[in-house]
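*Asks:* One file is attached below, run-v1.cif, containing mmCIF, C-alpha atoms.
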```cif
data_target
loop_
_atom_site.label_atom_id
_atom_site.label_comp_id
_atom_site.auth_asym_id
_atom_site.auth_seq_id
_atom_site.Cartn_x
_atom_site.Cartn_y
_atom_site.Cartn_z
CA MET A 553 0.00 0.00 0.00
CA ILE A 554 2.81 2.38 0.87
CA ALA A 555 4.56 1.46 -2.39
CA PHE A 556 1.46 2.44 -4.40
CA ALA A 557 1.20 5.68 -2.45
CA CYS A 558 4.86 6.38 -3.22
CA ILE A 559 4.35 5.81 -6.95
CA PHE A 560 1.32 8.12 -6.88
CA ALA A 561 3.36 10.72 -5.02
CA PHE A 562 6.23 10.42 -7.53
CA ALA A 563 3.86 11.01 -10.43
CA LEU A 564 2.11 14.01 -8.86
CA LEU A 565 5.32 15.61 -7.61
CA SER A 566 6.96 15.25 -11.02
CA LEU A 567 3.94 16.92 -12.62
CA ALA A 568 4.20 19.66 -10.01
CA CYS A 569 7.87 20.16 -10.89
CA LEU A 570 6.93 20.47 -14.56
CA LEU A 571 4.27 23.08 -13.78
CA ALA A 572 6.71 25.08 -11.65
CA GLY A 573 9.26 24.80 -14.45
CA TYR A 574 6.68 26.19 -16.88
CA ARG A 575 6.21 29.21 -14.64
CA LEU A 576 10.00 29.51 -14.31
CA VAL A 577 10.34 29.74 -18.09
CA ALA A 578 7.22 31.77 -18.92
CA GLY A 579 6.89 34.03 -15.90
CA PRO A 580 6.44 37.64 -17.01
CA ASP A 581 7.95 39.17 -13.88
CA PRO A 582 11.32 38.23 -12.37
CA LEU A 583 9.59 37.68 -9.03
CA ASP A 584 7.40 35.05 -10.69
CA ARG A 585 10.58 33.18 -11.48
CA VAL A 586 11.82 33.54 -7.91
CA LEU A 587 8.52 32.11 -6.66
CA ALA A 588 8.74 29.28 -9.18
CA LEU A 589 12.27 28.44 -8.01
CA ASP A 590 11.07 28.36 -4.41
CA THR A 591 8.23 26.02 -5.35
CA LEU A 592 10.63 23.87 -7.36
CA VAL A 593 12.89 23.48 -4.32
CA VAL A 594 9.95 22.46 -2.13
CA ASN A 595 8.83 19.93 -4.77
CA ALA A 596 12.36 18.52 -4.88
CA ILE A 597 12.26 18.09 -1.09
CA GLY A 598 8.99 16.19 -1.50
CA ILE A 599 10.52 13.91 -4.14
CA ILE A 600 13.55 13.24 -1.91
CA VAL A 601 11.30 12.36 1.05
CA ALA A 602 9.17 10.03 -1.10
CA MET A 603 12.38 8.44 -2.40
CA GLY A 604 13.56 7.88 1.16
CA ILE A 605 10.31 6.08 2.00
CA TRP A 606 10.52 4.06 -1.23
CA TYR A 607 14.05 2.82 -0.55
CA GLY A 608 13.51 2.57 3.22
CA THR A 609 16.57 4.59 4.14
CA THR A 610 16.99 7.85 6.01
CA LEU A 611 20.22 8.63 4.20
CA TYR A 612 18.71 11.16 1.83
CA PHE A 613 17.05 13.35 4.44
CA GLU A 614 20.22 15.31 5.10
CA MET A 615 20.08 16.34 1.46
CA ALA A 616 16.48 17.47 1.93
CA LEU A 617 17.51 19.51 4.97
CA LEU A 618 20.26 21.21 2.99
CA PHE A 619 17.81 21.85 0.13
CA ALA A 620 15.38 23.53 2.53
CA MET A 621 18.05 25.84 3.92
CA VAL A 622 19.60 26.73 0.56
CA GLY A 623 16.19 27.30 -1.02
CA PHE A 624 15.14 29.74 1.68
CA LEU A 625 18.43 31.63 1.46
CA THR A 626 18.11 31.82 -2.34
CA THR A 627 14.60 33.26 -2.16
CA VAL A 628 15.48 35.86 0.45
CA SER A 629 18.64 36.97 -1.30
CA PHE A 630 16.87 37.23 -4.67
CA CYS A 631 14.13 39.38 -3.09
CA LYS A 632 16.73 41.54 -1.41
CA PHE A 633 18.52 41.92 -4.71
CA PHE A 634 15.35 42.97 -6.53
CA LEU A 635 14.46 45.41 -3.78
CA ARG A 636 17.80 47.10 -3.25
CA GLY A 637 20.00 46.09 -6.17
CA ASN A 638 22.44 44.56 -3.74
CA VAL A 639 22.43 41.58 -1.41
CA ILE A 640 24.86 42.59 1.30
CA GLU A 641 25.11 46.32 1.81
CA MET B 237 -2.08 -2.20 14.34
CA THR B 238 0.52 -2.41 11.60
CA PHE B 239 -2.19 -2.25 8.94
CA VAL B 240 -3.72 0.85 10.51
CA LEU B 241 -0.31 2.52 10.66
CA GLU B 242 0.46 1.60 7.04
CA ALA B 243 -2.90 2.96 5.93
CA LEU B 244 -2.27 6.18 7.84
CA VAL B 245 1.20 6.59 6.30
CA ALA B 246 -0.14 5.92 2.79
CA LEU B 247 -2.97 8.40 3.35
CA LEU B 248 -0.55 11.08 4.54
CA ILE B 249 1.72 10.52 1.53
CA VAL B 250 -1.20 10.77 -0.92
CA VAL B 251 -2.64 13.87 0.78
CA GLY B 252 0.78 15.53 0.80
CA ALA B 253 1.39 14.80 -2.87
CA VAL B 254 -2.07 16.06 -3.85
CA PHE B 255 -1.69 19.32 -1.94
CA THR B 256 1.79 19.92 -3.35
CA PHE B 257 0.45 19.33 -6.85
CA ILE B 258 -2.45 21.75 -6.25
CA GLY B 259 0.03 24.39 -5.11
CA SER B 260 2.10 24.08 -8.27
CA LEU B 261 -1.03 23.96 -10.43
CA GLY B 262 -2.16 27.25 -8.88
CA LEU B 263 1.28 28.69 -9.56
CA ALA B 264 0.98 27.71 -13.21
CA ILE B 265 -2.58 28.74 -14.04
CA LEU B 266 -3.58 31.67 -11.82
CA PRO B 267 -3.70 34.93 -13.74
CA ASP B 268 -1.68 37.45 -11.79
CA MET B 269 1.28 37.61 -9.47
CA MET B 270 -0.44 38.43 -6.20
CA ARG B 271 -2.94 35.60 -6.77
CA ARG B 272 -0.17 33.27 -7.85
CA LEU B 273 1.59 33.90 -4.56
CA HIS B 274 -1.19 32.21 -2.58
CA ALA B 275 -0.87 28.72 -4.01
CA PRO B 276 2.79 27.80 -3.31
CA THR B 277 2.99 29.50 0.05
CA LYS B 278 -0.12 27.83 1.50
CA ALA B 279 -1.00 24.60 -0.28
CA THR B 280 2.56 23.47 -0.94
CA THR B 281 3.61 24.07 2.66
CA LEU B 282 0.67 22.03 3.95
CA GLY B 283 1.38 19.25 1.47
CA ILE B 284 5.06 19.00 2.28
CA GLY B 285 4.21 19.00 6.00
CA ALA B 286 1.83 16.05 5.54
CA LEU B 287 4.45 14.19 3.48
CA LEU B 288 7.15 14.71 6.10
CA ILE B 289 4.87 13.69 8.96
CA GLY B 290 3.98 10.54 7.00
CA SER B 291 7.67 9.80 6.56
CA LEU B 292 8.30 10.36 10.28
CA LEU B 293 5.47 7.95 11.18
CA TYR B 294 6.80 5.38 8.70
CA PHE B 295 10.34 5.38 10.03
CA VAL B 296 9.38 5.52 13.72
CA GLY B 297 6.38 3.19 13.70
CA LEU B 298 7.25 0.63 11.04
CA LYS B 299 11.04 0.69 10.77
CA GLY B 300 11.81 1.44 14.40
CA GLU B 301 14.52 3.98 13.70
CA PHE B 302 14.20 7.56 14.79
CA THR B 303 15.80 10.46 13.00
CA ALA B 304 15.17 14.09 13.78
CA HIS B 305 15.61 15.16 10.17
CA GLU B 306 11.94 15.11 9.16
CA ALA B 307 10.89 17.08 12.21
CA LEU B 308 13.67 19.56 11.55
CA ILE B 309 12.71 19.97 7.88
CA THR B 310 9.04 20.43 8.81
CA LEU B 311 9.87 23.04 11.43
CA PHE B 312 12.25 24.86 9.12
CA LEU B 313 9.83 24.93 6.17
CA PHE B 314 6.95 26.08 8.35
CA ILE B 315 9.06 28.91 9.72
CA THR B 316 10.56 30.01 6.41
CA ALA B 317 7.58 29.73 4.02
CA PRO B 318 5.68 32.78 5.42
CA VAL B 319 8.89 34.80 5.50
CA SER B 320 9.74 34.11 1.87
CA GLY B 321 6.12 34.74 0.80
CA MET B 322 6.12 38.09 2.57
CA MET B 323 9.47 39.03 1.05
CA ILE B 324 8.23 38.27 -2.47
CA ALA B 325 4.99 40.22 -1.95
CA LYS B 326 6.87 43.19 -0.53
CA ALA B 327 9.38 43.22 -3.37
CA PHE B 328 6.52 43.00 -5.87
CA ILE B 329 4.60 45.94 -4.34
CA LEU B 330 7.69 48.10 -4.15
CA ARG B 331 8.87 47.27 -7.68
CA GLU B 332 5.66 47.72 -9.63
CA LYS B 333 4.25 51.24 -9.82
CA GLY B 334 0.89 50.06 -11.20
CA VAL B 335 0.22 47.73 -8.30
CA ARG B 336 0.43 50.53 -5.74
CA ARG B 337 -2.49 52.38 -7.34
CA GLU B 338 -4.66 49.26 -7.28
CA LEU B 339 -4.14 48.50 -3.59
CA PRO B 340 -7.42 48.67 -1.62
CA PRO B 341 -7.68 51.12 1.28
CA THR B 342 -6.65 49.71 4.62
CA GLY B 343 -9.69 51.09 6.47
CA GLY B 344 -7.59 52.53 9.26
CA ASP B 345 -5.67 55.67 10.03
CA THR B 346 -2.43 54.47 8.58
CA GLY B 347 -1.78 53.34 5.03
CA TRP B 348 0.03 50.28 3.82
CA ALA B 349 2.96 49.71 6.11
CA THR B 350 5.21 48.69 3.24
CA LEU B 351 4.69 52.00 1.45
CA ASP B 352 4.88 54.35 4.43
CA PRO B 353 8.21 56.09 4.65
CA ALA B 354 10.25 54.90 7.55
CA LYS B 355 10.59 57.22 10.51
CA PRO B 356 14.08 58.59 10.84
CA THR B 357 15.75 56.66 13.58
CA PRO B 358 17.78 58.75 15.99
CA THR B 359 21.37 57.94 15.36
CA ARG B 360 23.73 58.20 18.21
CA LEU B 361 27.00 59.70 17.21
CA PRO B 362 30.11 58.11 18.57
CA ALA B 363 31.72 59.96 21.40
CA PRO B 364 34.50 62.26 20.26
CA ILE B 365 37.93 60.95 20.86
CA GLU B 366 39.63 62.90 23.58
CA LYS B 367 42.96 64.17 22.50
CA SER B 368 45.50 64.17 25.18
#
```
Would you mind writing the file's structure down as C-alpha cells?

*Replies:*
Amino acid sequence: MIAFACIFAFALLSLACLLAGYRLVAGPDPLDRVLALDTLVVNAIGIIVAMGIWYGTTLYFEMALLFAMVGFLTTVSFCKFFLRGNVIE
Amino acid sequence: MTFVLEALVALLIVVGAVFTFIGSLGLAILPDMMRRLHAPTKATTLGIGALLIGSLLYFVGLKGEFTAHEALITLFLFITAPVSGMMIAKAFILREKGVRRELPPTGGDTGWATLDPAKPTPTRLPAPIEKS
C-alpha cells in the first residue's frame, strides 16, 4: 500500500515540478521566477522524502535539509537583490 | 495495528502529494502575481508538512529507527515559508508602480505599512575621541 502511495506521489510531484518549471520559463515578472524556483525546491524536497520512503533509508534526508536551507536563502537573497540592487550592503 | 499505521502513512503521503500538486497547479494557471503567490505558500507548505509527517510515522512506527531530520525539515519549512512569501509580496509591491495604485484602502488611520516612509531613527553619534 505504501509502495502504491509512493508511486502516486512520484507522479504528482513530477507533474508539479513540470508546472513550476513552466512558470519559471514563462513568468512575465522576475519575481514570478523567484517564486517558481522556491516552489521547485519544495517539490524537490517532496521527491527526496518520497524516495527515502521508497528505498527505506533515512540517508537522503540530510540532502532534503540542505535543500530547505539553501532554497530559503536563495529566495530571500533574490528578493533583497530585486528590492535594493544589492544583497549585502 | 501495523495495517492501521500503514494505511495512515499511505494516506498522509497521498494527501501531501495532492496538496503539493495543487500548489504548483495554482502557480501555473492563476492569472496574476499576487494571486499566484497564494498557491505555493499555503497549499505546498501544507502538502510538504503532511508528506514529512507521514515519513516520520513510517520510520518511527514501522522501521523502528528515529531520525530528527523530518521534524527539523518540517519546522524549518513552516518557519521560512511565510517569510519568503512576505518578502516576495513586498518586493513585488515596491517594484511595480501600477500595483500601488490598485491596492485597496486599509480602512484605518495608517496606510500600507510597506509604502509608508520609515521614521528617521535617531542615530547616536560616537563619542568624540579625547585628544591628550

*Asks:* Rank nothing, just name the residue among A:Leu570, A:Ile600, A:Ala561, A:Gly637 nearest to chain B, using all atoms listed in the file.

*Replies:*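 Closest to chain B of all the choices is A:Ala561.
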
*Asks:* Name the residues that the PyMOL selection byres ((chain B) within 6 of (chain A)) picks from the file above, as a VMD selection string, using the file's chain letters and numbers.

*Replies:* chain B and resid 246 250 253 257 260 264 309 327

*Asks:* Atom CA of B:Leu313 to atom CA of B:Leu263: how many Å, to one decimal?

*Replies:* 18.3 Å

*Asks:* Between atom CA of A:Val622 and atom CA of B:Gly252, measure the distance and give it in Å to one decimal.

*Replies:*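 Between atom CA of A:Val622 and atom CA of B:Gly252 the gap works out to 21.9 Å.
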
*Asks:* If you measure from atom CA of B:Thr280 to atom CA of A:Ala596, what distance in Å do you get, rounded to one decimal?

*Replies:*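 Between atom CA of B:Thr280 and atom CA of A:Ala596 the gap is 11.7 Å.
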
*Asks:* For B:Met269, which residue out of B:Gly290, B:Gly285, B:Gly297, B:Gly321 is the nearest one, using only C-alpha atoms?

*Replies:*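 Under the stated criterion, the closest residue is B:Gly321.
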
*Asks:* Which residues would end up in the selection if the PyMOL selection byres ((chain B and resi 347-351) around 10) were applied here, given that I need the answer as number ranges by chain?

*Replies:* B: 325-327, 329-330, 336, 339-346, 352-354

*Asks:* Suppose a student applies the PyMOL selection byres ((chain B and resi 244) around 12) to this structure; what residues should they get, written as a PyMOL selection string?

*Replies:* (chain A and resi 553-554+557) or (chain B and resi 237-243+245-251+286-287+289-294+297-298)

*Asks:* My list of candidates is B:Leu288, B:Ala317, B:Val335, B:Leu273. Which is closest to A:Arg585 when distances are computed with all atoms listed in the file?

*Replies:* B:Leu273

*Asks:* With all atoms listed in the file as the atoms that count, which of B:Pro358, B:Gly283, B:Pro318, B:Pro364 lies nearest to B:Ile258?

*Replies:*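 Among B:Pro358, B:Gly283, B:Pro318, B:Pro364, it is B:Gly283 that comes nearest to B:Ile258.
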
*Asks:* If I wrap all listed atoms of stretch 327-334 of chain B in a box with edges along x, y and z and add 8 Å on each side, what are its centre and edge lengths in Å to one decimal, as JSON?

*Replies:*
```
{"center_x": 5.1, "center_y": 47.1, "center_z": -7.3, "size_x": 24.5, "size_y": 24.2, "size_z": 23.8}
```

*Asks:* Taking the partial coordinates given, rebuild stretch 555-573 of chain A to contain N, CA, C and O atoms; return it as a tab-separated table (two decimals), keeping the file's coordinate frame.

*Replies:*
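Saved to rebuild_6.tsv:
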```tsv
chain	number	residue	atom	x	y	z
A	555	ALA	N	3.86	1.38	-1.11
A	555	ALA	CA	4.56	1.46	-2.39
A	555	ALA	C	3.67	2.13	-3.44
A	555	ALA	O	4.15	2.99	-4.21
A	556	PHE	N	2.37	1.79	-3.45
A	556	PHE	CA	1.46	2.44	-4.40
A	556	PHE	C	1.35	3.94	-4.11
A	556	PHE	O	1.36	4.76	-5.03
A	557	ALA	N	1.28	4.26	-2.83
A	557	ALA	CA	1.20	5.68	-2.45
A	557	ALA	C	2.45	6.42	-2.90
A	557	ALA	O	2.38	7.56	-3.37
A	558	CYS	N	3.61	5.74	-2.80
A	558	CYS	CA	4.86	6.38	-3.22
A	558	CYS	C	4.88	6.62	-4.72
A	558	CYS	O	5.33	7.67	-5.18
A	559	ILE	N	4.37	5.62	-5.49
A	559	ILE	CA	4.35	5.81	-6.95
A	559	ILE	C	3.44	6.96	-7.33
A	559	ILE	O	3.77	7.82	-8.15
A	560	PHE	N	2.27	7.01	-6.67
A	560	PHE	CA	1.32	8.12	-6.88
A	560	PHE	C	1.99	9.45	-6.56
A	560	PHE	O	1.88	10.43	-7.32
A	561	ALA	N	2.71	9.47	-5.43
A	561	ALA	CA	3.36	10.72	-5.02
A	561	ALA	C	4.45	11.11	-6.01
A	561	ALA	O	4.59	12.29	-6.34
A	562	PHE	N	5.21	10.11	-6.54
A	562	PHE	CA	6.23	10.42	-7.53
A	562	PHE	C	5.61	11.07	-8.76
A	562	PHE	O	6.10	12.08	-9.26
A	563	ALA	N	4.50	10.48	-9.23
A	563	ALA	CA	3.86	11.01	-10.43
A	563	ALA	C	3.38	12.44	-10.21
A	563	ALA	O	3.67	13.35	-11.00
A	564	LEU	N	2.66	12.66	-9.08
A	564	LEU	CA	2.11	14.01	-8.86
A	564	LEU	C	3.21	15.03	-8.62
A	564	LEU	O	3.13	16.16	-9.12
A	565	LEU	N	4.26	14.64	-7.89
A	565	LEU	CA	5.32	15.61	-7.61
A	565	LEU	C	6.11	15.93	-8.87
A	565	LEU	O	6.56	17.06	-9.05
A	566	SER	N	6.28	14.95	-9.76
A	566	SER	CA	6.96	15.25	-11.02
A	566	SER	C	6.14	16.21	-11.86
A	566	SER	O	6.68	17.15	-12.46
A	567	LEU	N	4.81	15.98	-11.90
A	567	LEU	CA	3.94	16.92	-12.62
A	567	LEU	C	4.04	18.31	-12.01
A	567	LEU	O	4.07	19.32	-12.73
A	568	ALA	N	4.10	18.36	-10.68
A	568	ALA	CA	4.20	19.66	-10.01
A	568	ALA	C	5.50	20.35	-10.37
A	568	ALA	O	5.52	21.57	-10.60
A	569	CYS	N	6.59	19.58	-10.48
A	569	CYS	CA	7.87	20.16	-10.89
A	569	CYS	C	7.77	20.71	-12.31
A	569	CYS	O	8.32	21.78	-12.60
A	570	LEU	N	7.07	19.98	-13.19
A	570	LEU	CA	6.93	20.47	-14.56
A	570	LEU	C	6.15	21.77	-14.60
A	570	LEU	O	6.51	22.70	-15.33
A	571	LEU	N	5.07	21.86	-13.79
A	571	LEU	CA	4.27	23.08	-13.78
A	571	LEU	C	5.08	24.26	-13.24
A	571	LEU	O	5.03	25.37	-13.79
A	572	ALA	N	5.86	24.00	-12.19
A	572	ALA	CA	6.71	25.08	-11.65
A	572	ALA	C	7.78	25.46	-12.67
A	572	ALA	O	8.12	26.64	-12.79
A	573	GLY	N	8.28	24.49	-13.42
A	573	GLY	CA	9.26	24.80	-14.45
A	573	GLY	C	8.65	25.62	-15.57
A	573	GLY	O	9.31	26.51	-16.13
```
